[in-house]
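Structure file structure.csv (CSV, C-alpha atoms (C1' of nucleotides)) is printed below.
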```csv
chain,number,residue,atom,x,y,z
A,1,MET,CA,-45.1,34.7,-104.2
A,2,ASP,CA,-42.1,32.4,-104.1
A,3,GLN,CA,-41.9,30.7,-107.5
A,4,ARG,CA,-39.1,28.4,-106.5
A,5,VAL,CA,-39.6,24.7,-106.1
A,6,ASN,CA,-38.0,22.1,-103.9
A,7,LYS,CA,-35.5,19.7,-105.4
A,8,PRO,CA,-35.3,16.2,-104.0
A,9,ASN,CA,-32.3,17.2,-102.0
A,10,ASN,CA,-34.4,19.9,-100.4
A,11,GLN,CA,-32.5,22.7,-102.0
A,12,PHE,CA,-34.3,25.4,-103.9
A,13,MET,CA,-34.2,25.4,-107.7
A,14,ASN,CA,-34.5,28.5,-109.7
A,15,TYR,CA,-34.9,28.9,-113.5
A,16,TRP,CA,-32.8,31.3,-115.5
A,17,MET,CA,-32.3,32.8,-118.9
A,18,VAL,CA,-29.1,34.1,-120.4
A,19,LYS,CA,-28.9,36.1,-123.6
A,20,THR,CA,-26.1,35.9,-126.1
A,21,GLU,CA,-25.4,37.5,-129.5
A,22,PRO,CA,-24.8,34.5,-131.7
A,23,SER,CA,-22.2,36.3,-133.8
A,24,SER,CA,-20.0,36.6,-130.7
A,25,TYR,CA,-21.0,33.4,-128.9
A,26,SER,CA,-23.8,31.1,-130.0
A,27,TRP,CA,-25.7,28.2,-128.5
A,28,GLU,CA,-24.0,26.0,-131.1
A,29,ASP,CA,-20.7,27.1,-129.7
A,30,LEU,CA,-21.8,26.0,-126.2
A,31,LEU,CA,-23.2,22.7,-127.6
A,32,SER,CA,-19.9,21.8,-129.3
A,33,LYS,CA,-17.8,22.9,-126.3
A,34,LYS,CA,-20.3,21.2,-123.9
A,35,GLU,CA,-19.3,23.6,-121.1
A,36,GLU,CA,-18.3,27.2,-120.9
A,37,ILE,CA,-17.4,29.9,-118.4
A,38,TRP,CA,-20.2,32.5,-118.7
A,39,ASP,CA,-18.3,35.7,-118.0
A,40,GLY,CA,-18.1,39.3,-119.1
A,41,VAL,CA,-21.4,40.2,-117.4
A,42,ARG,CA,-21.1,43.9,-116.4
A,43,ASN,CA,-24.4,44.8,-115.0
A,44,TYR,CA,-25.2,44.7,-111.3
A,45,GLN,CA,-28.7,43.2,-111.6
A,46,ALA,CA,-27.4,40.5,-113.9
A,47,ARG,CA,-24.5,39.9,-111.4
A,48,ASN,CA,-26.9,39.4,-108.6
A,49,PHE,CA,-28.7,36.8,-110.6
A,50,LEU,CA,-25.5,35.0,-111.4
A,51,LYS,CA,-24.7,34.9,-107.7
A,52,GLU,CA,-28.1,33.3,-107.0
A,53,MET,CA,-27.6,30.4,-109.4
A,54,LYS,CA,-27.3,27.0,-107.9
A,55,LEU,CA,-25.7,23.9,-109.2
A,56,GLY,CA,-28.1,22.1,-111.6
A,57,ASP,CA,-30.4,25.1,-112.1
A,58,PRO,CA,-31.9,25.0,-115.6
A,59,VAL,CA,-30.8,27.9,-117.8
A,60,LEU,CA,-32.5,28.9,-121.1
A,61,VAL,CA,-30.3,30.3,-123.7
A,62,TYR,CA,-31.6,33.1,-125.9
A,63,HIS,CA,-30.2,34.5,-129.1
A,64,SER,CA,-30.4,38.2,-129.4
A,65,GLY,CA,-29.9,40.1,-132.7
A,66,LYS,CA,-31.1,38.5,-135.9
A,67,ASP,CA,-32.4,35.2,-134.3
A,68,ARG,CA,-34.4,36.6,-131.4
A,69,ALA,CA,-35.4,33.3,-130.0
A,70,VAL,CA,-34.9,30.9,-127.1
A,71,VAL,CA,-32.8,28.1,-128.7
A,72,GLY,CA,-31.3,25.9,-126.0
A,73,LEU,CA,-31.4,24.5,-122.5
A,74,ALA,CA,-28.3,24.4,-120.3
A,75,GLU,CA,-27.7,24.0,-116.6
A,76,VAL,CA,-25.4,25.6,-114.0
A,77,SER,CA,-22.4,23.3,-113.6
A,78,GLU,CA,-20.4,25.6,-111.3
A,79,GLU,CA,-21.8,28.3,-109.0
A,80,ALA,CA,-20.6,31.9,-109.1
A,81,PHE,CA,-16.8,32.6,-108.9
A,82,PRO,CA,-14.8,35.7,-109.6
A,83,ASP,CA,-14.8,36.6,-113.3
A,84,PRO,CA,-11.3,35.7,-114.6
A,85,LYS,CA,-11.1,39.0,-116.5
A,86,ASP,CA,-12.2,41.2,-113.6
A,87,ALA,CA,-12.6,39.9,-110.0
A,88,ASP,CA,-15.1,42.7,-109.2
A,89,TRP,CA,-17.6,40.7,-111.3
A,90,VAL,CA,-18.6,37.1,-111.2
A,91,ALA,CA,-19.0,34.3,-113.7
A,92,VAL,CA,-20.7,30.9,-113.6
A,93,ARG,CA,-20.0,27.7,-115.6
A,94,LEU,CA,-22.8,26.5,-117.9
A,95,LYS,CA,-23.2,23.1,-119.4
A,96,ALA,CA,-25.2,22.5,-122.5
A,97,LYS,CA,-28.1,20.1,-122.1
A,98,SER,CA,-30.1,20.1,-125.3
A,99,SER,CA,-31.3,22.1,-128.2
A,100,LEU,CA,-34.9,23.0,-128.0
A,101,PRO,CA,-36.8,20.8,-130.6
A,102,LYS,CA,-38.3,24.1,-131.8
A,103,SER,CA,-36.9,27.5,-130.9
A,104,VAL,CA,-39.3,29.9,-129.2
A,105,SER,CA,-39.2,33.2,-130.9
A,106,LEU,CA,-39.5,36.6,-129.2
A,107,GLN,CA,-42.6,37.1,-131.3
A,108,ALA,CA,-44.2,33.9,-129.9
A,109,ILE,CA,-43.3,35.0,-126.4
A,110,LYS,CA,-44.9,38.4,-127.0
A,111,GLU,CA,-48.1,36.7,-128.3
A,112,GLU,CA,-48.5,34.5,-125.3
A,113,ASP,CA,-50.4,36.3,-122.5
A,114,ARG,CA,-49.1,34.1,-119.8
A,115,LEU,CA,-45.6,35.2,-120.7
A,116,SER,CA,-46.3,38.9,-120.7
A,117,GLU,CA,-44.8,39.5,-117.3
A,118,MET,CA,-41.5,37.9,-118.3
A,119,LEU,CA,-38.4,39.9,-117.2
A,120,MET,CA,-37.0,39.6,-120.6
A,121,LEU,CA,-39.9,41.6,-122.0
A,122,ARG,CA,-40.0,44.1,-119.2
A,123,GLN,CA,-36.2,44.7,-119.2
A,124,SER,CA,-35.1,44.0,-122.7
A,125,ARG,CA,-31.5,44.9,-122.0
A,126,LEU,CA,-30.9,42.5,-119.1
A,127,SER,CA,-28.6,39.7,-120.2
A,128,VAL,CA,-29.0,37.4,-117.2
A,129,MET,CA,-32.4,37.0,-115.6
A,130,SER,CA,-34.6,34.8,-113.6
A,131,VAL,CA,-37.6,32.9,-115.1
A,132,THR,CA,-40.5,31.7,-113.0
A,133,GLN,CA,-41.3,28.0,-112.9
A,134,ALA,CA,-44.6,28.6,-114.7
A,135,GLU,CA,-42.8,30.6,-117.4
A,136,PHE,CA,-40.1,28.0,-117.8
A,137,GLU,CA,-42.6,25.1,-118.1
A,138,LEU,CA,-44.7,27.0,-120.6
A,139,LEU,CA,-41.7,27.9,-122.7
A,140,MET,CA,-40.6,24.2,-122.7
A,141,ARG,CA,-44.1,23.2,-123.9
A,142,LEU,CA,-44.0,25.8,-126.7
A,143,SER,CA,-40.7,24.4,-127.8
A,144,LYS,CA,-42.0,21.0,-128.6
B,1,DG,C1',-29.9,52.3,-140.0
B,2,DC,C1',-32.6,54.1,-136.4
B,3,DC,C1',-34.1,54.6,-131.9
B,4,DA,C1',-35.7,53.5,-127.1
B,5,DA,C1',-34.0,52.2,-122.8
B,6,DC,C1',-30.6,52.1,-119.9
B,7,DG,C1',-26.0,52.6,-117.6
B,8,DT,C1',-21.8,55.4,-116.9
B,9,DT,C1',-19.0,59.4,-116.7
B,10,DG,C1',-17.6,63.8,-115.6
B,11,DG,C1',-18.5,68.8,-115.1
B,12,DC,C1',-20.6,71.8,-112.0
C,1,DG,C1',-26.2,65.4,-105.9
C,2,DC,C1',-27.8,66.7,-110.4
C,3,DC,C1',-27.8,66.3,-115.1
C,4,DA,C1',-26.0,66.5,-119.9
C,5,DA,C1',-23.3,63.9,-122.9
C,6,DC,C1',-22.0,59.7,-124.4
C,7,DG,C1',-21.8,54.6,-125.1
C,8,DT,C1',-24.1,50.1,-125.4
C,9,DT,C1',-27.7,46.8,-126.1
C,10,DG,C1',-31.1,45.0,-128.7
C,11,DG,C1',-35.6,45.3,-131.1
C,12,DC,C1',-37.6,47.0,-135.2
```
If you convert what's in this file into structure tokens, what do you get?
Amino acid sequence: MDQRVNKPNNQFMNYWMVKTEPSSYSWEDLLSKKEEIWDGVRNYQARNFLKEMKLGDPVLVYHSGKDRAVVGLAEVSEEAFPDPKDADWVAVRLKAKSSLPKSVSLQAIKEEDRLSEMLMLRQSRLSVMSVTQAEFELLMRLSK
DNA sequence: GCCAACGTTGGC
DNA sequence: GCCAACGTTGGC
């Protein structure tokens, strides 16, 4: 089933999640910088997702490591372009939107049946992944 | 600190 | 093309 939804301008909108290890780059870093090139992704599946990202798509930011929680909401502010460090790969630009009022922990995600199919659970090592509209909306509700 | 799950590399 | 060895990620 196609989980995408029409935007007013008739383009498809997708929902995404990116993982980051806060000790190397945190949500707070993105918040204070407002915008950042999201590069360094060296996995083919993740690269394919980066290439599918469209301007304005919502992007959830997840902290791996000690935090293990979805902490912030960003959006795609520039679609895929060659990774400045290695043109065989791609990067996007992300713009911080808002911190989640309440972060959603990995544990909370695991305890929620309706999130049991999430890619982040099925493929725990993937650092860029798609999120269905239903999953996105439920996560946003859990963050309030 | 350990380990499972992957992904990559290199010998054959 | 197979597979063992190795490196990395990320949860526990």
Interface list for chain B, partner chain A, 10 Å threshold, only C-alpha atoms (C1' of nucleotides), as a count of residues only: 3
I'd like the interatomic distance between C1' of DG1 in chain B and CA of Pro22 in chain A, to a tenth of an Å.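 C1' of DG1 in chain B sits 20.3 Å away from CA of Pro22 in chain A.
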Pick out the residues sitting within 9 Å of Trp16 in chain A, and hand them over as a PyMOL selection string; count all atoms listed in the file, and ignore anything fewer than 4 positions along from it in its own chain. chain A and resi 49+53+57-61+75+128-132+136
One-decimal distance in Å that lies between CA of His63 in chain A and CA of Ala96 in chain A: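 Answer for the CA of Ala96 in chain A to CA of His63 in chain A separation: 14.6 Å.
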State, in Å with one decimal place, the distance from CA of Arg42 in chain A to C1' of DT9 in chain C. 12.1 Å
Tell me, as a PyMOL selection string, which residues lie within 9 Å of DG11 in chain C, counting all atoms listed in the file; anything in the same chain fewer than 6 positions away does not count. chain A and resi 64-65+68+124
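Every protein, DNA or RNA residue with an atom at most 12 Å from Lys34 in chain A, where all atoms listed in the file count and chain neighbours fewer than 2 positions away do not, is listed here: Trp27, Glu28, Asp29, Leu30, Leu31, Ser32, Glu36, Ile37, Leu73, Ala74, Glu75, Val76, Ser77, Arg93, Leu94, Lys95, Ala96, Lys97, Ser98 and Ser99 of chain A.
Considering all atoms listed in the file, the residue among A:Lys19, A:Gln45, A:Val71, A:Glu35 positioned nearest to Lys102 in chain A is A:Val71.
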So which residues are close to (-39.3, 28.9, -125.5), meaning at most 10 Å away in the file's coordinates with only C-alpha atoms (C1' of nucleotides) counted, and can you show them as a list in words? Leu60, Val61, Tyr62, Ala69, Val70, Val71, Gly72, Leu73, Leu100, Pro101, Lys102, Ser103, Val104, Ser105, Leu106, Ala108, Ile109, Glu135, Phe136, Glu137, Leu138, Leu139, Met140, Arg141, Leu142, Ser143 and Lys144 of chain A
